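These notes concern the structure reproduced below.
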Amino acid sequence: MKAEFWQSRWREGVIGFHQSDVSPALPAFWQATVGAADGRRVLVPLCGKSLDMRWLHAQGHRVVGIELSAIACEAFFREQGWAYEQDHAPAGSELSWTRWRGVGAAQGIELLQADIFAVPDEVVGAVELLYDRASLIALPLGGEARMRERLAERLADWLPAGAAGLLVTLDYPQAQRNGPPFAIGPAAAEALLGPTFEVRLLQTVDMLSEEGGSRWPVDRLEGHVFALRRRGAA
Ligand SMILES: C[S@@+](CC[C@H](N)C(=O)[O-])C[C@H]1O[C@@H](n2cnc3c(N)ncnc32)[C@H](O)[C@@H]1O
């Protein structure tokens with residue numbers, strides 16, 4: 001998935017992945033998985049304009065989302081009626097990024113408009129928790145680009161030992177449909193993340209029986225929620 005694929009989806013408004021409400025996984029599992037908010041900073045990779053970030057902020061978290069598209073970043077703040085300030089990569093630096101920093105009611109939310117594979121660690125800053133919905137499943141596994149593997153490596157680098165997170169994925173027979181979203185079931189989640197995170201399946205939902213699910217040309221479609229914990233001594 002090249003950057004231009006996603007940029008054109010945002011330009012053309014082909015954003016079927018965006019949910020008009022908060023992901024049910026958050027009220028169901030977030031607090032039990034990560035504990036009290038206490039202002040802890042949550043990393044939301046490939047965040048789009050997800051309302052899940054508003055929910056996390058409302059619980060008392062600081063939030064840092066990473067997203068390629070300026071359209072998504074602008075829409076996120078505008079649609080909440082929230083103000084923001086911007087700063088940019090210093091002139092002449094090799095890597096380009098723009099930070100959209102919420103002010104007033106949105107204080108504590110930052111969106112880094114950047115390629116997640118190129119954003120400097122110091123711009124992301126220290127993160128304590130992870131929330132991934134439709135991020136790892138947005139990227140293909142393997143190939144020369146190894147995008148999904150590289151994202152998993154970045155997440156493991158950024159999160160300290162003991163850090164908790166929630167991962168929301170879809171799973172279906174990959175041979176029956178092309179991604180994105182790409183399939184990640186329990187075995188694939190374990191293979192990808194198991195070396196660096198403890199991966200615990202919390203929920204499996206049969207989505208073929210849900211409205212819209214049967215439009216997919218697949219004979220199995222499941223939504224999974226996993227609890228993650230970064231391995232290593234906390
Ligand atoms: C499937 S969408 C999921 C968005 C969001 N997590 C949600 O639940 O609505 C994937 C998002 O990742 C962004 N994206 C894709 N590749 C990226 C990259 N290399 N760096 C940062 N963002 C990227 C896309 O623009 C898109 O908004």
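Note on naming: chains are A, B, ... as they come in the structure tokens, residues start from 1 per chain, ligands start from 1 in the order shown.
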Collect all residues with atoms no farther than 7 Å from ligand 1, counting only C-alpha atoms and all ligand atoms, and output them as an NGL selection string. :A and (1 or 3 or 6-7 or 10 or 17-19 or 45-50 or 66-69 or 72 or 114-117 or 132-135 or 138 or 181)
Which parts of range 10-232 of chain A does DSSP call strand (DSSP E or B) when run on the backbone here, written out as an NGL selection string? :A and (41-45 or 62-67 or 83-88 or 98-103 or 109-113 or 129-133 or 164-171 or 197-206 or 222-230)
So that I can see what lies close to Pro27 in chain A, please list as a VMD selection string the residues with an atom at most 12 Å from it, counting only C-alpha atoms and leaving out residues fewer than 5 positions away in the same chain. chain A and resid 21 to 22 32 to 34 52 55 to 56 58 to 59 166
Neighbour list for range 126-130 of chain A as a ChimeraX atom specification, cut-off 8 Å, only C-alpha atoms, skip fewer than 4 positions in-chain: /A:34,40-44,158-160,163-166
For the residues in the current selection, export N, CA and C atoms as an mmCIF file, in the first residue's frame.
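Once written, part13.cif looks like this:
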data_model
loop_
_atom_site.group_PDB
_atom_site.id
_atom_site.type_symbol
_atom_site.label_atom_id
_atom_site.label_comp_id
_atom_site.auth_asym_id
_atom_site.auth_seq_id
_atom_site.Cartn_x
_atom_site.Cartn_y
_atom_site.Cartn_z
ATOM 1 N N VAL A 34 -6.070 -1.958 30.295
ATOM 2 C CA VAL A 34 -4.941 -1.044 30.531
ATOM 3 C C VAL A 34 -4.955 -0.406 31.911
ATOM 4 N N ARG A 40 -2.144 8.904 30.915
ATOM 5 C CA ARG A 40 -1.116 8.158 30.169
ATOM 6 C C ARG A 40 -1.304 8.333 28.655
ATOM 7 N N ARG A 41 -0.193 8.364 27.942
ATOM 8 C CA ARG A 41 -0.195 8.738 26.522
ATOM 9 C C ARG A 41 -0.370 7.486 25.652
ATOM 10 N N VAL A 42 -1.411 7.519 24.836
ATOM 11 C CA VAL A 42 -1.763 6.367 23.995
ATOM 12 C C VAL A 42 -1.309 6.618 22.571
ATOM 13 N N LEU A 43 -0.605 5.662 22.018
ATOM 14 C CA LEU A 43 -0.213 5.711 20.605
ATOM 15 C C LEU A 43 -1.324 5.086 19.764
ATOM 16 N N VAL A 44 -1.775 5.832 18.751
ATOM 17 C CA VAL A 44 -2.802 5.317 17.833
ATOM 18 C C VAL A 44 -2.209 5.354 16.422
ATOM 19 N N TRP A 158 8.730 1.555 20.098
ATOM 20 C CA TRP A 158 8.200 2.745 20.772
ATOM 21 C C TRP A 158 7.614 2.435 22.149
ATOM 22 N N LEU A 159 7.097 1.202 22.310
ATOM 23 C CA LEU A 159 6.400 0.902 23.572
ATOM 24 C C LEU A 159 7.366 0.312 24.595
ATOM 25 N N PRO A 160 7.335 0.821 25.813
ATOM 26 C CA PRO A 160 8.243 0.301 26.838
ATOM 27 C C PRO A 160 7.772 -1.055 27.366
ATOM 28 N N ALA A 163 4.115 -2.248 28.719
ATOM 29 C CA ALA A 163 3.039 -1.403 28.182
ATOM 30 C C ALA A 163 1.898 -2.277 27.660
ATOM 31 N N ALA A 164 0.681 -1.826 27.948
ATOM 32 C CA ALA A 164 -0.504 -2.582 27.538
ATOM 33 C C ALA A 164 -1.107 -1.967 26.287
ATOM 34 N N GLY A 165 -1.908 -2.752 25.604
ATOM 35 C CA GLY A 165 -2.581 -2.225 24.420
ATOM 36 C C GLY A 165 -3.742 -3.099 24.019
ATOM 37 N N LEU A 166 -4.514 -2.557 23.104
ATOM 38 C CA LEU A 166 -5.658 -3.278 22.541
ATOM 39 C C LEU A 166 -5.475 -3.304 21.031
#
Range 54-224 of chain A: residues DSSP assigns to alpha helix (DSSP H), reported as JSON, numbers by chain: {"A": [54, 55, 56, 57, 58, 70, 71, 72, 73, 74, 75, 76, 77, 78, 79, 80, 121, 122, 123, 124, 147, 148, 149, 150, 151, 152, 153, 154, 155, 156, 157, 158, 186, 187, 188, 189, 190, 191, 192, 193]}
Write out as an MDAnalysis selection string which residues come within 12 Å of His88 in chain A when counting only C-alpha atoms, dropping same-chain ones fewer than 5 positions away. chainID A and resid 93 95:101 111:114 119 123
Requested write-out: N, CA and C atoms of the selected residues, as a PDB file, in the first residue's frame:
ATOM      1  N   SER A  93      15.081  19.736   6.864  1.00  0.00           N
ATOM      2  CA  SER A  93      15.268  18.371   7.377  1.00  0.00           C
ATOM      3  C   SER A  93      14.797  17.370   6.326  1.00  0.00           C
ATOM      4  N   LEU A  95      13.224  14.524   6.664  1.00  0.00           N
ATOM      5  CA  LEU A  95      11.932  13.887   6.887  1.00  0.00           C
ATOM      6  C   LEU A  95      10.874  14.960   7.079  1.00  0.00           C
ATOM      7  N   SER A  96       9.730  14.781   6.411  1.00  0.00           N
ATOM      8  CA  SER A  96       8.711  15.817   6.562  1.00  0.00           C
ATOM      9  C   SER A  96       7.594  15.332   7.484  1.00  0.00           C
ATOM     10  N   TRP A  97       7.153  16.187   8.361  1.00  0.00           N
ATOM     11  CA  TRP A  97       6.016  15.881   9.221  1.00  0.00           C
ATOM     12  C   TRP A  97       5.367  17.188   9.643  1.00  0.00           C
ATOM     13  N   THR A  98       4.094  17.088   9.971  1.00  0.00           N
ATOM     14  CA  THR A  98       3.364  18.215  10.548  1.00  0.00           C
ATOM     15  C   THR A  98       2.671  17.702  11.799  1.00  0.00           C
ATOM     16  N   ARG A  99       2.800  18.460  12.874  1.00  0.00           N
ATOM     17  CA  ARG A  99       2.125  18.064  14.117  1.00  0.00           C
ATOM     18  C   ARG A  99       0.895  18.951  14.293  1.00  0.00           C
ATOM     19  N   TRP A 100      -0.274  18.302  14.420  1.00  0.00           N
ATOM     20  CA  TRP A 100      -1.527  19.013  14.671  1.00  0.00           C
ATOM     21  C   TRP A 100      -1.798  18.831  16.164  1.00  0.00           C
ATOM     22  N   ARG A 101      -1.668  19.915  16.911  1.00  0.00           N
ATOM     23  CA  ARG A 101      -1.753  19.800  18.364  1.00  0.00           C
ATOM     24  C   ARG A 101      -3.042  20.462  18.835  1.00  0.00           C
ATOM     25  N   LEU A 111      -2.001  14.897  16.504  1.00  0.00           N
ATOM     26  CA  LEU A 111      -1.921  14.035  15.320  1.00  0.00           C
ATOM     27  C   LEU A 111      -0.625  14.372  14.599  1.00  0.00           C
ATOM     28  N   LEU A 112       0.182  13.346  14.379  1.00  0.00           N
ATOM     29  CA  LEU A 112       1.398  13.533  13.594  1.00  0.00           C
ATOM     30  C   LEU A 112       1.088  13.149  12.168  1.00  0.00           C
ATOM     31  N   GLN A 113       1.061  14.136  11.321  1.00  0.00           N
ATOM     32  CA  GLN A 113       0.824  13.880   9.897  1.00  0.00           C
ATOM     33  C   GLN A 113       2.175  13.539   9.293  1.00  0.00           C
ATOM     34  N   ALA A 114       2.368  12.236   9.070  1.00  0.00           N
ATOM     35  CA  ALA A 114       3.689  11.751   8.661  1.00  0.00           C
ATOM     36  C   ALA A 114       3.559  10.316   8.189  1.00  0.00           C
ATOM     37  N   VAL A 119       8.698   8.781  10.536  1.00  0.00           N
ATOM     38  CA  VAL A 119       8.601   9.830  11.553  1.00  0.00           C
ATOM     39  C   VAL A 119       9.694   9.597  12.605  1.00  0.00           C
ATOM     40  N   VAL A 123      10.028  12.843  17.655  1.00  0.00           N
ATOM     41  CA  VAL A 123       8.793  13.570  17.346  1.00  0.00           C
ATOM     42  C   VAL A 123       7.594  12.797  17.906  1.00  0.00           C
TER      43      VAL A 123
END
Determine the nearest neighbour of Arg231 in chain A from the options A:Asp87, A:Glu12, A:Asp157, A:Glu79, counting only C-alpha atoms. A:Asp157
Which residues, written as a ChimeraX atom specification, have at least one atom at most 7 Å from Gly39 in chain A, with only C-alpha atoms counted and residues fewer than 6 positions away on the same chain left out? /A:60-62
Next, write the just-selected residues to a file, as a compact mmCIF listing (two decimals), in the first residue's frame, keeping N, CA and C atoms as the atom set.
# COMPACT_ATOMS: atom_id res chain seq x y z
N GLY A 60 -9.47 10.50 29.80
CA GLY A 60 -8.38 11.10 30.57
C GLY A 60 -6.99 10.74 30.06
N HIS A 61 -6.93 10.25 28.82
CA HIS A 61 -5.62 9.95 28.23
C HIS A 61 -5.12 11.12 27.40
N ARG A 62 -3.80 11.21 27.29
CA ARG A 62 -3.22 11.96 26.19
C ARG A 62 -3.12 11.00 25.00
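With distances restricted to only C-alpha atoms, A:Phe226 is the closest residue to Glu198 in chain A from A:Trp216, A:Phe182, A:Phe226, A:Trp30.
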For Ala161 in chain A, which residue out of A:Gly65, A:Cys73, A:Gly35, A:Arg229 is the nearest one, using only C-alpha atoms?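 Distance minimum relative to Ala161 in chain A lands on A:Arg229.
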Could you work out how far CA of Arg54 in chain A lies from CA of Ile184 in chain A, giving the answer in Å with one decimal? 25.6 Å
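What separates CA of Ala183 in chain A from CA of Val63 in chain A is a distance of 26.5 Å.
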I need the residue nearest Arg9 in chain A from this list: A:Leu208, A:Val168, A:Ala89, A:Ile71. Use only C-alpha atoms for the distance.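 Nearest candidate to Arg9 in chain A out of A:Leu208, A:Val168, A:Ala89, A:Ile71: A:Ile71.
By chain and then residue number, the residues within 12 Å of Ala191 in chain A are A:Leu141, A:Arg148, A:Glu149, A:Ala152, A:Ile184, A:Gly185, A:Pro186, A:Thr196, A:Phe197, A:Glu198, A:Val199, counting only C-alpha atoms and disregarding those fewer than 5 positions away in sequence.
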When you draw a straight line from CA of Glu222 in chain A to CA of Ile137 in chain A, how long is it in Å?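 About the pair CA of Glu222 in chain A and CA of Ile137 in chain A: they are 12.9 Å apart.
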